[in-house]
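With mmCIF, C-alpha atoms inside, this is run35.cif:
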data_coords
#
loop_
_atom_site.label_atom_id
_atom_site.label_comp_id
_atom_site.auth_asym_id
_atom_site.auth_seq_id
_atom_site.Cartn_x
_atom_site.Cartn_y
_atom_site.Cartn_z
CA MET A 8 -0.64 18.07 -47.05
CA LYS A 9 1.52 16.41 -44.40
CA TYR A 10 -0.59 13.29 -43.86
CA PRO A 11 -1.70 11.15 -46.84
CA ARG A 12 -5.41 10.32 -46.89
CA PRO A 13 -6.06 6.56 -46.93
CA ALA A 14 -7.84 5.35 -50.05
CA TYR A 15 -11.39 4.15 -49.64
CA GLY A 16 -11.47 0.55 -48.53
CA ASP A 17 -7.77 0.41 -47.60
CA PRO A 18 -7.53 -2.99 -45.84
CA SER A 19 -4.93 -1.66 -43.38
CA VAL A 20 -7.53 0.71 -41.86
CA LYS A 21 -9.65 -0.56 -38.98
CA THR A 22 -13.41 -0.08 -39.26
CA TYR A 23 -16.48 -0.63 -37.14
CA GLU A 24 -20.22 -0.73 -37.83
CA LYS A 25 -22.15 2.19 -36.41
CA GLY A 26 -25.83 1.41 -35.85
CA PRO A 27 -28.78 3.65 -36.73
CA GLY A 28 -28.95 6.97 -34.89
CA MET A 29 -31.85 8.40 -32.88
CA PHE A 30 -33.45 9.60 -36.13
CA GLY A 31 -33.26 6.16 -37.72
CA GLY A 32 -31.40 5.40 -40.93
CA ALA A 33 -29.16 2.53 -41.91
CA SER A 34 -26.02 1.27 -40.20
CA GLN A 35 -22.74 2.61 -41.55
CA VAL A 36 -19.20 1.26 -41.74
CA VAL A 37 -16.95 3.90 -40.15
CA PRO A 38 -13.15 3.97 -40.48
CA VAL A 39 -11.04 4.28 -37.34
CA PRO A 40 -8.04 6.65 -37.60
CA ASP A 41 -4.77 5.82 -35.87
CA TYR A 42 -4.83 8.28 -32.97
CA PRO A 43 -1.62 9.48 -31.28
CA ILE A 44 -3.38 10.12 -27.95
CA SER A 45 -6.62 8.77 -26.50
CA ILE A 46 -9.93 10.01 -27.90
CA ARG A 47 -11.11 10.94 -24.42
CA GLU A 48 -8.01 12.97 -23.62
CA ASN A 49 -8.21 14.81 -26.93
CA PHE A 50 -11.88 15.62 -26.33
CA ARG A 51 -11.07 16.96 -22.88
CA ARG A 52 -8.39 19.16 -24.40
CA ALA A 53 -10.83 20.47 -27.01
CA ALA A 54 -13.45 21.21 -24.35
CA LYS A 55 -10.97 23.06 -22.13
CA ARG A 56 -9.13 24.69 -25.07
CA GLU A 57 -5.86 23.01 -24.06
CA ASN A 58 -4.07 22.12 -27.31
CA PRO A 59 -6.19 19.35 -28.85
CA VAL A 60 -4.42 17.20 -31.44
CA TRP A 61 -7.44 17.04 -33.75
CA LEU A 62 -10.94 18.49 -33.92
CA PRO A 63 -13.22 15.79 -32.43
CA ASN A 64 -15.81 14.16 -34.67
CA SER A 65 -18.96 12.94 -32.93
CA VAL A 66 -19.31 10.12 -35.48
CA THR A 67 -16.00 8.54 -34.51
CA ASP A 68 -15.20 9.93 -31.06
CA ILE A 69 -18.43 10.03 -29.05
CA ASP A 70 -20.69 7.25 -27.81
CA SER A 71 -24.05 8.81 -26.91
CA GLU A 72 -27.04 7.56 -24.94
CA MET A 73 -30.38 9.10 -24.00
CA VAL A 74 -31.23 9.21 -20.32
CA ALA A 75 -34.55 7.48 -21.06
CA ASN A 76 -32.69 4.35 -22.19
CA LEU A 77 -30.64 4.34 -18.98
CA THR A 78 -33.63 4.76 -16.69
CA GLY A 79 -36.56 3.16 -18.49
CA TRP A 80 -38.43 6.44 -18.69
CA ALA A 81 -40.77 6.83 -21.64
CA GLU A 82 -39.43 8.88 -24.54
CA ASN A 83 -40.55 9.73 -28.05
CA ASP A 84 -39.17 7.64 -30.91
CA TRP A 85 -37.64 10.08 -33.39
CA SER A 86 -37.42 7.45 -36.11
CA ARG A 87 -41.20 6.94 -36.41
CA SER A 88 -43.09 8.61 -39.24
CA GLU A 89 -46.60 8.72 -37.75
CA ARG A 90 -48.17 10.72 -34.94
CA TYR A 91 -48.53 8.98 -31.60
CA ASP A 92 -49.05 9.87 -27.93
CA TRP A 93 -46.81 9.07 -24.97
CA THR A 94 -46.47 10.07 -21.31
CA ASP A 95 -43.17 11.02 -19.66
CA HIS A 96 -41.85 10.25 -16.17
CA PHE A 97 -43.45 13.41 -14.73
CA GLY A 98 -46.85 12.39 -16.11
CA VAL A 99 -46.82 14.98 -18.90
CA GLN A 100 -48.67 13.83 -22.03
CA TRP A 101 -47.05 14.44 -25.41
CA THR A 102 -47.83 13.92 -29.08
CA PHE A 103 -44.96 13.13 -31.42
CA VAL A 104 -45.48 15.25 -34.54
CA PRO A 105 -43.19 14.05 -37.35
CA GLU A 106 -43.95 17.00 -39.61
CA ALA A 107 -42.73 19.32 -36.82
CA GLY A 108 -39.69 17.14 -36.19
CA GLY A 109 -40.37 16.38 -32.55
CA PRO A 110 -42.79 16.07 -29.61
CA MET A 111 -45.43 18.66 -28.75
CA LEU A 112 -47.50 18.96 -25.58
CA LYS A 113 -50.84 17.23 -25.98
CA GLN A 114 -53.34 20.08 -26.12
CA SER A 115 -56.50 18.14 -25.29
CA VAL A 116 -55.51 17.51 -21.66
CA PRO A 117 -55.15 20.02 -18.80
CA PRO A 118 -51.63 20.84 -17.57
CA ILE A 119 -50.31 19.04 -14.52
CA MET A 120 -49.53 22.36 -12.82
CA GLU A 121 -52.02 25.16 -13.47
CA ASP A 122 -50.83 27.26 -10.52
CA VAL A 123 -47.06 27.26 -9.90
CA THR A 124 -47.60 28.16 -6.23
CA GLU A 125 -49.09 24.65 -5.82
CA TRP A 126 -46.05 22.84 -7.26
CA LYS A 127 -45.36 20.89 -4.07
CA THR A 128 -48.67 19.02 -4.36
CA ALA A 129 -49.09 19.10 -8.13
CA VAL A 130 -45.70 17.76 -9.23
CA LYS A 131 -44.63 14.18 -8.59
CA PHE A 132 -40.88 13.86 -9.05
CA PRO A 133 -39.65 10.48 -10.31
CA VAL A 134 -38.42 8.09 -7.62
CA LEU A 135 -35.19 6.62 -8.94
CA SER A 136 -35.50 3.42 -6.94
CA ASP A 137 -38.61 2.59 -8.97
CA TYR A 138 -36.43 2.06 -12.07
CA ASN A 139 -33.83 -0.55 -12.97
CA ILE A 140 -31.09 2.01 -13.55
CA LYS A 141 -28.18 -0.20 -12.48
CA GLU A 142 -29.20 -3.02 -14.81
CA ARG A 143 -29.78 -0.66 -17.74
CA CYS A 144 -26.43 1.06 -17.27
CA GLU A 145 -24.67 -2.30 -17.10
CA ALA A 146 -26.40 -3.36 -20.34
CA PHE A 147 -25.25 -0.15 -22.01
CA LEU A 148 -21.66 -0.66 -20.89
CA LYS A 149 -21.57 -4.05 -22.60
CA LYS A 150 -21.92 -2.32 -25.97
CA HIS A 151 -20.01 0.87 -25.10
CA ASP A 152 -16.49 1.33 -26.51
CA PRO A 153 -14.47 2.47 -23.47
CA GLU A 154 -12.01 4.31 -25.71
CA LYS A 155 -14.74 6.71 -26.80
CA VAL A 156 -16.19 9.71 -25.00
CA LEU A 157 -19.32 8.64 -23.11
CA GLN A 158 -22.05 11.23 -23.55
CA VAL A 159 -25.43 11.18 -21.79
CA ASN A 160 -28.27 13.42 -22.94
CA VAL A 161 -30.24 14.22 -19.77
CA GLY A 162 -33.24 15.76 -21.53
CA LEU A 163 -35.42 18.67 -20.41
CA GLY A 164 -33.79 21.35 -18.27
CA CYS A 165 -35.22 23.89 -15.83
CA THR A 166 -37.39 26.11 -18.01
CA GLU A 167 -38.36 23.30 -20.41
CA ARG A 168 -39.65 21.19 -17.52
CA LEU A 169 -41.56 24.19 -16.15
CA VAL A 170 -43.12 24.75 -19.59
CA ALA A 171 -44.04 21.07 -19.91
CA LEU A 172 -45.72 20.92 -16.52
CA MET A 173 -47.62 24.19 -17.07
CA GLY A 174 -48.92 23.28 -20.52
CA GLY A 175 -46.94 25.70 -22.66
CA TYR A 176 -44.67 28.71 -22.84
CA GLU A 177 -47.38 31.31 -22.28
CA ASN A 178 -48.40 29.90 -18.91
CA ALA A 179 -44.78 29.35 -17.87
CA MET A 180 -43.65 32.87 -18.78
CA VAL A 181 -46.63 34.41 -16.96
CA ALA A 182 -45.73 32.33 -13.90
CA MET A 183 -42.14 33.60 -14.05
CA ALA A 184 -43.43 37.18 -14.17
CA MET A 185 -46.19 36.89 -11.58
CA GLU A 186 -44.88 34.27 -9.14
CA PRO A 187 -41.07 34.43 -9.36
CA GLU A 188 -40.50 33.09 -5.86
CA ALA A 189 -42.63 29.97 -6.46
CA VAL A 190 -40.90 29.37 -9.80
CA ARG A 191 -37.49 29.69 -8.12
CA GLU A 192 -38.51 27.18 -5.46
CA PHE A 193 -39.72 24.72 -8.09
CA LEU A 194 -36.57 25.06 -10.20
CA GLU A 195 -34.36 24.48 -7.16
CA ALA A 196 -36.34 21.32 -6.37
CA PHE A 197 -36.05 20.22 -10.00
CA VAL A 198 -32.28 20.69 -9.91
CA ASP A 199 -32.17 18.61 -6.72
CA SER A 200 -33.77 15.79 -8.71
CA GLU A 201 -31.36 16.29 -11.63
CA ILE A 202 -28.34 16.12 -9.31
CA GLU A 203 -29.75 12.96 -7.73
CA LEU A 204 -30.15 11.47 -11.21
CA VAL A 205 -26.60 12.32 -12.29
CA ASP A 206 -25.21 11.00 -9.01
CA GLU A 207 -27.05 7.72 -9.60
CA LEU A 208 -25.85 7.37 -13.21
CA CYS A 209 -22.28 8.12 -12.18
CA LYS A 210 -22.34 5.13 -9.82
CA TYR A 211 -22.46 2.86 -12.87
CA LEU A 212 -21.12 4.84 -15.82
CA PRO A 213 -17.82 6.68 -16.47
CA ILE A 214 -19.63 9.71 -17.90
CA ASP A 215 -17.38 12.16 -19.74
CA PHE A 216 -19.93 14.48 -21.29
CA ILE A 217 -23.50 15.56 -20.52
CA THR A 218 -25.87 17.43 -22.83
CA TYR A 219 -28.49 19.48 -21.03
CA HIS A 220 -31.52 20.85 -22.90
CA ASP A 221 -33.07 24.20 -22.04
CA ASP A 222 -34.55 26.19 -24.91
CA TRP A 223 -34.36 29.90 -24.11
CA GLY A 224 -35.61 31.54 -27.29
CA THR A 225 -37.31 31.71 -30.64
CA GLU A 226 -35.61 32.69 -33.88
CA ARG A 227 -36.41 36.34 -33.06
CA ASP A 228 -35.15 36.62 -29.48
CA THR A 229 -35.17 34.99 -26.05
CA PHE A 230 -38.37 34.06 -24.21
CA PHE A 231 -37.38 36.13 -21.17
CA GLY A 232 -34.93 38.89 -20.35
CA GLU A 233 -31.73 39.31 -18.41
CA GLN A 234 -33.43 40.12 -15.09
CA MET A 235 -35.43 36.89 -15.09
CA MET A 236 -32.29 35.03 -16.09
CA GLU A 237 -30.34 36.46 -13.17
CA ASP A 238 -33.12 36.17 -10.59
CA ILE A 239 -34.80 32.89 -11.54
CA VAL A 240 -33.07 30.66 -14.10
CA PHE A 241 -29.35 31.25 -13.53
CA PRO A 242 -28.94 30.22 -9.85
CA PRO A 243 -30.38 26.67 -10.07
CA THR A 244 -28.73 26.05 -13.43
CA LYS A 245 -25.38 27.19 -12.05
CA ARG A 246 -25.78 24.85 -9.08
CA LEU A 247 -26.40 21.90 -11.40
CA PHE A 248 -23.44 22.77 -13.62
CA ASP A 249 -21.16 23.24 -10.62
CA ASN A 250 -22.09 19.72 -9.56
CA LEU A 251 -21.21 18.36 -13.01
CA ARG A 252 -17.89 20.19 -13.07
CA GLY A 253 -17.10 18.70 -9.66
CA LYS A 254 -17.37 15.31 -11.34
CA ASN A 255 -15.05 16.41 -14.20
CA ILE A 256 -17.93 16.12 -16.66
CA VAL A 257 -17.84 18.23 -19.83
CA ILE A 258 -21.05 20.28 -20.13
CA GLN A 259 -22.93 21.03 -23.32
CA GLN A 260 -26.10 23.08 -23.29
CA HIS A 261 -28.60 22.75 -26.09
CA SER A 262 -30.72 25.87 -26.53
CA CYS A 263 -32.97 26.65 -29.46
CA GLY A 264 -33.55 30.17 -30.73
CA LYS A 265 -31.57 33.37 -31.01
CA ILE A 266 -29.73 33.40 -27.72
CA THR A 267 -27.25 36.25 -28.35
CA ARG A 268 -28.28 38.23 -25.27
CA PHE A 269 -27.58 35.22 -23.05
CA MET A 270 -24.08 34.46 -24.31
CA PRO A 271 -22.43 36.12 -21.26
CA TYR A 272 -24.56 33.90 -18.99
CA PHE A 273 -23.47 30.72 -20.77
CA VAL A 274 -19.91 31.81 -20.04
CA LYS A 275 -20.69 32.51 -16.37
CA LEU A 276 -22.43 29.13 -16.09
CA GLY A 277 -19.23 27.44 -17.20
CA VAL A 278 -20.74 25.77 -20.27
CA ASP A 279 -18.01 23.98 -22.28
CA PHE A 280 -19.98 23.62 -25.52
CA LEU A 281 -23.14 25.16 -26.97
CA GLN A 282 -25.44 23.16 -29.22
CA ILE A 283 -27.47 25.90 -30.91
CA GLN A 284 -29.17 26.65 -34.22
CA ASP A 285 -27.03 28.20 -36.93
CA ARG A 286 -29.85 30.09 -38.69
CA PRO A 287 -30.65 32.65 -35.94
CA ASN A 288 -27.15 32.74 -34.46
CA ASP A 289 -23.85 34.03 -35.85
CA PHE A 290 -21.50 31.17 -34.96
CA ALA A 291 -18.42 32.88 -36.34
CA ALA A 292 -19.13 36.04 -34.32
CA TYR A 293 -19.60 33.94 -31.16
CA LYS A 294 -16.27 32.23 -31.83
CA ARG A 295 -14.51 35.57 -32.21
CA GLU A 296 -16.06 37.18 -29.14
CA TYR A 297 -16.45 34.27 -26.73
CA GLY A 298 -14.20 31.55 -28.13
CA LYS A 299 -11.65 31.79 -25.33
CA ASP A 300 -14.36 30.92 -22.80
CA ILE A 301 -16.89 28.67 -24.53
CA GLY A 302 -16.96 26.10 -27.32
CA LEU A 303 -19.38 25.24 -30.10
CA GLU A 304 -20.73 22.10 -31.71
CA VAL A 305 -20.47 22.85 -35.42
CA ALA A 306 -21.78 20.40 -38.00
CA CYS A 307 -20.16 20.09 -41.42
CA PRO A 308 -22.97 20.53 -43.97
CA PHE A 309 -24.13 17.57 -46.04
CA SER A 310 -22.08 17.55 -49.22
CA PRO A 311 -23.00 15.70 -52.46
CA THR A 312 -19.42 15.57 -53.78
CA LYS A 313 -15.99 14.89 -52.34
CA ASP A 314 -14.67 18.31 -53.37
CA GLU A 315 -17.55 20.10 -51.64
CA LEU A 316 -17.19 17.90 -48.56
CA ILE A 317 -13.49 18.68 -48.25
CA ALA A 318 -14.09 22.40 -48.76
CA ASN A 319 -16.74 22.43 -46.02
CA ILE A 320 -14.47 20.56 -43.63
CA HIS A 321 -11.59 22.97 -44.24
CA LYS A 322 -13.86 25.96 -43.64
CA THR A 323 -15.18 24.43 -40.41
CA VAL A 324 -11.71 23.73 -39.04
CA ASP A 325 -10.26 27.08 -40.15
CA THR A 326 -13.16 29.03 -38.59
CA TYR A 327 -13.84 27.14 -35.38
CA GLY A 328 -10.70 25.13 -34.73
CA PRO A 329 -8.36 27.86 -33.42
CA ASN A 330 -7.38 27.23 -29.79
CA GLY A 331 -9.78 24.30 -29.52
CA GLY A 332 -13.29 24.78 -28.19
CA ALA A 333 -15.06 22.96 -31.01
CA PHE A 334 -16.19 19.55 -32.14
CA SER A 335 -18.02 18.58 -35.29
CA SER A 336 -19.83 15.81 -37.12
CA VAL A 337 -19.35 14.42 -40.60
CA PHE A 338 -22.41 12.82 -42.16
CA ALA A 339 -22.49 11.51 -45.71
CA MET A 340 -24.95 9.75 -48.00
CA SER A 341 -22.47 7.16 -49.27
CA PRO A 342 -19.90 4.93 -47.54
CA GLU A 343 -17.08 6.38 -49.65
CA LEU A 344 -17.96 10.00 -48.82
CA LEU A 345 -18.20 9.10 -45.13
CA TRP A 346 -14.75 7.52 -45.32
CA ASP A 347 -13.29 10.57 -47.05
CA GLY A 348 -14.99 12.95 -44.62
CA VAL A 349 -13.81 11.14 -41.49
CA PHE A 350 -10.20 11.14 -42.62
CA GLU A 351 -10.26 14.70 -43.96
CA LEU A 352 -11.62 16.14 -40.72
CA TYR A 353 -9.17 14.14 -38.64
CA LEU A 354 -6.04 14.68 -40.74
CA TYR A 355 -6.68 18.25 -41.84
CA SER A 356 -7.34 19.31 -38.26
CA ARG A 357 -4.16 17.54 -37.13
CA GLU A 358 -2.22 19.51 -39.71
CA PHE A 359 -4.05 22.67 -38.63
CA TYR A 360 -3.13 22.30 -34.96
CA GLU A 361 0.46 21.32 -35.70
CA ASN A 362 0.91 24.37 -37.94
CA ALA A 363 -0.56 26.62 -35.22
CA LYS A 364 2.17 25.74 -32.72
#

Write out the structure in this file as structure tokens.
Amino acid sequence: MKYPRPAYGDPSVKTYEKGPGMFGGASQVVPVPDYPISIRENFRRAAKRENPVWLPNSVTDIDSEMVANLTGWAENDWSRSERYDWTDHFGVQWTFVPEAGGPMLKQSVPPIMEDVTEWKTAVKFPVLSDYNIKERCEAFLKKHDPEKVLQVNVGLGCTERLVALMGGYENAMVAMAMEPEAVREFLEAFVDSEIELVDELCKYLPIDFITYHDDWGTERDTFFGEQMMEDIVFPPTKRLFDNLRGKNIVIQQHSCGKITRFMPYFVKLGVDFLQIQDRPNDFAAYKREYGKDIGLEVACPFSPTKDELIANIHKTVDTYGPNGGAFSSVFAMSPELLWDGVFELYLYSREFYENAK
């Protein structure tokens, strides 16, 4: 062990108070390691697999914001424990279902778009000038730590927005099969609106990192096959990601389900990180096969003891740390375990990368 781990509560260590996350919970006092290079530069190196100094920790290194808070668009409140209804900026009605862990389309109302060939009249894209985006971004910057990576979660992607507007996956998948040209046209128009949104946010925010959500599967397999991916979904998604890369923004795609068959497409899209479910996907196999081209967000499991926490951190770094292309999160139920976890991930990964040279 090259670097000694600071004892809990060491007065020489800087700390800050991290507020509740999107799922609620109490504020936490987080220690601040003494970094040899900037957090943002190290994160860029990890994303591009260019000799990071440590494996980034989202708890200490990333400052995240939801696009709804930057625009004023309605969004579900993940911290609430009761069911409630809300309407998004496309007019889609949702019910937040706490026992399911998220929002579901409200089933008692007809879909906004019953026939995808009528998308030009059925869909009303948000008009950005109707929202106080500049003022909201300026308010966010007042509380943002400029030393941290600034991440924006832009919400629903191409297929998720199609599903939302058509009232569910069944209708959306039938539309993709029966009216591919109309679906392509809609997705291209949707990406136009996403690019306009990102361009507007970038006027006011130094965005480093964007998370884009597009669920492509269940725990058994993907919703659609390779041909639909190539013909319908890939081109507009690639155009959006090319725009982000042109702004030097790191790209993370969130995608639920078993997405093994689409791994080559994530690589072709130029995704820097995948945020996917560990139960249906073999993370270690993805690292071995695709690690030179794409990274993974890998969470350290909750650990009830310090020994278990340290063992989990070592396993995470040893498995996913080689050559960069990974970042993680350390969550703990007690302030002391959080302290120990933050320093172990930071210092062990520093030792790991130094030994690899």

message = Can you tell me which residues surround stretch 94-103 of chain A at a distance of at most 6 Å, considering only C-alpha atoms, apart from same-chain residues fewer than 6 positions away, and format the answer as a PyMOL selection string?
response = chain A and resi 80-81+109-113

Q) Pick from A:Val37, A:Phe269, A:Glu296, A:Asn139: nearest to A:Asn64, with all atoms listed in the file counted? A)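 When distances to A:Asn64 are compared using all atoms listed in the file, the smallest one comes from A:Val37.
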
Excluding A:Asp122 and any residue of its chain fewer than 3 positions from it, enumerate the residues within 10 Å of it, using only C-alpha atoms, and give them as a PyMOL selection string. chain A and resi 118-119+125-126+129+173+178-179+182+186+189

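Checking A:Lys265, A:Arg143, A:Arg191, A:Arg168 one by one against A:Thr124, counting only C-alpha atoms, you find the shortest gap at A:Arg191.
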
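Shortest separation to A:Ile256 among A:Asn288, A:Gln158, A:Thr225, A:Ser34 occurs at residue A:Gln158, atoms counted being all atoms listed in the file.
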
Taking into account all atoms listed in the file, which residue in the set A:Ala75, A:Leu345, A:Ile239, A:Leu135 is nearest to A:Glu207?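 Of A:Ala75, A:Leu345, A:Ile239, A:Leu135, the one nearest A:Glu207, counting all atoms listed in the file, is A:Leu135.
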
So, with all atoms listed in the file as the atoms that count, which of A:Gln234, A:Asn83, A:Thr229, A:Asn76 lies closest to A:Pro187?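 Smallest distance to A:Pro187 is found for A:Gln234.
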
Contact residues around stretch 319-326 of chain A with all atoms listed in the file at 12 Å, ignoring same-chain residues under 4 positions, as a ChimeraX atom specification: /A:61-64,290-295,298,303-315,330-338,347-360,362-363

May I have the protein, DNA and RNA residues with any atom at most 12 Å from the point (-12.5, 13.0, -13.1), counting all atoms listed in the file, written as a ChimeraX atom specification?
-> /A:47-48,51,209,213-216,251-257

One decimal place gives the atom CA of A:Leu77-atom CA of A:Phe248 separation as 20.5 Å

**Prompt:** For A:Arg286, which residue out of A:Pro11, A:Pro59, A:Pro40, A:Gly264 is the nearest one, using only C-alpha atoms?
**Reply:**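 The answer is A:Gly264, which sits nearest to A:Arg286.
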
Assuming 4 Å of padding per side, give the centre and edge lengths of the axis-aligned box around every listed atom of stretch 222-239 of chain A, in Å to one decimal and as lines of an AutoDock Vina configuration file.
center_x = -34.4
center_y = 33.2
center_z = -22.2
size_x = 16.0
size_y = 21.9
size_z = 31.3
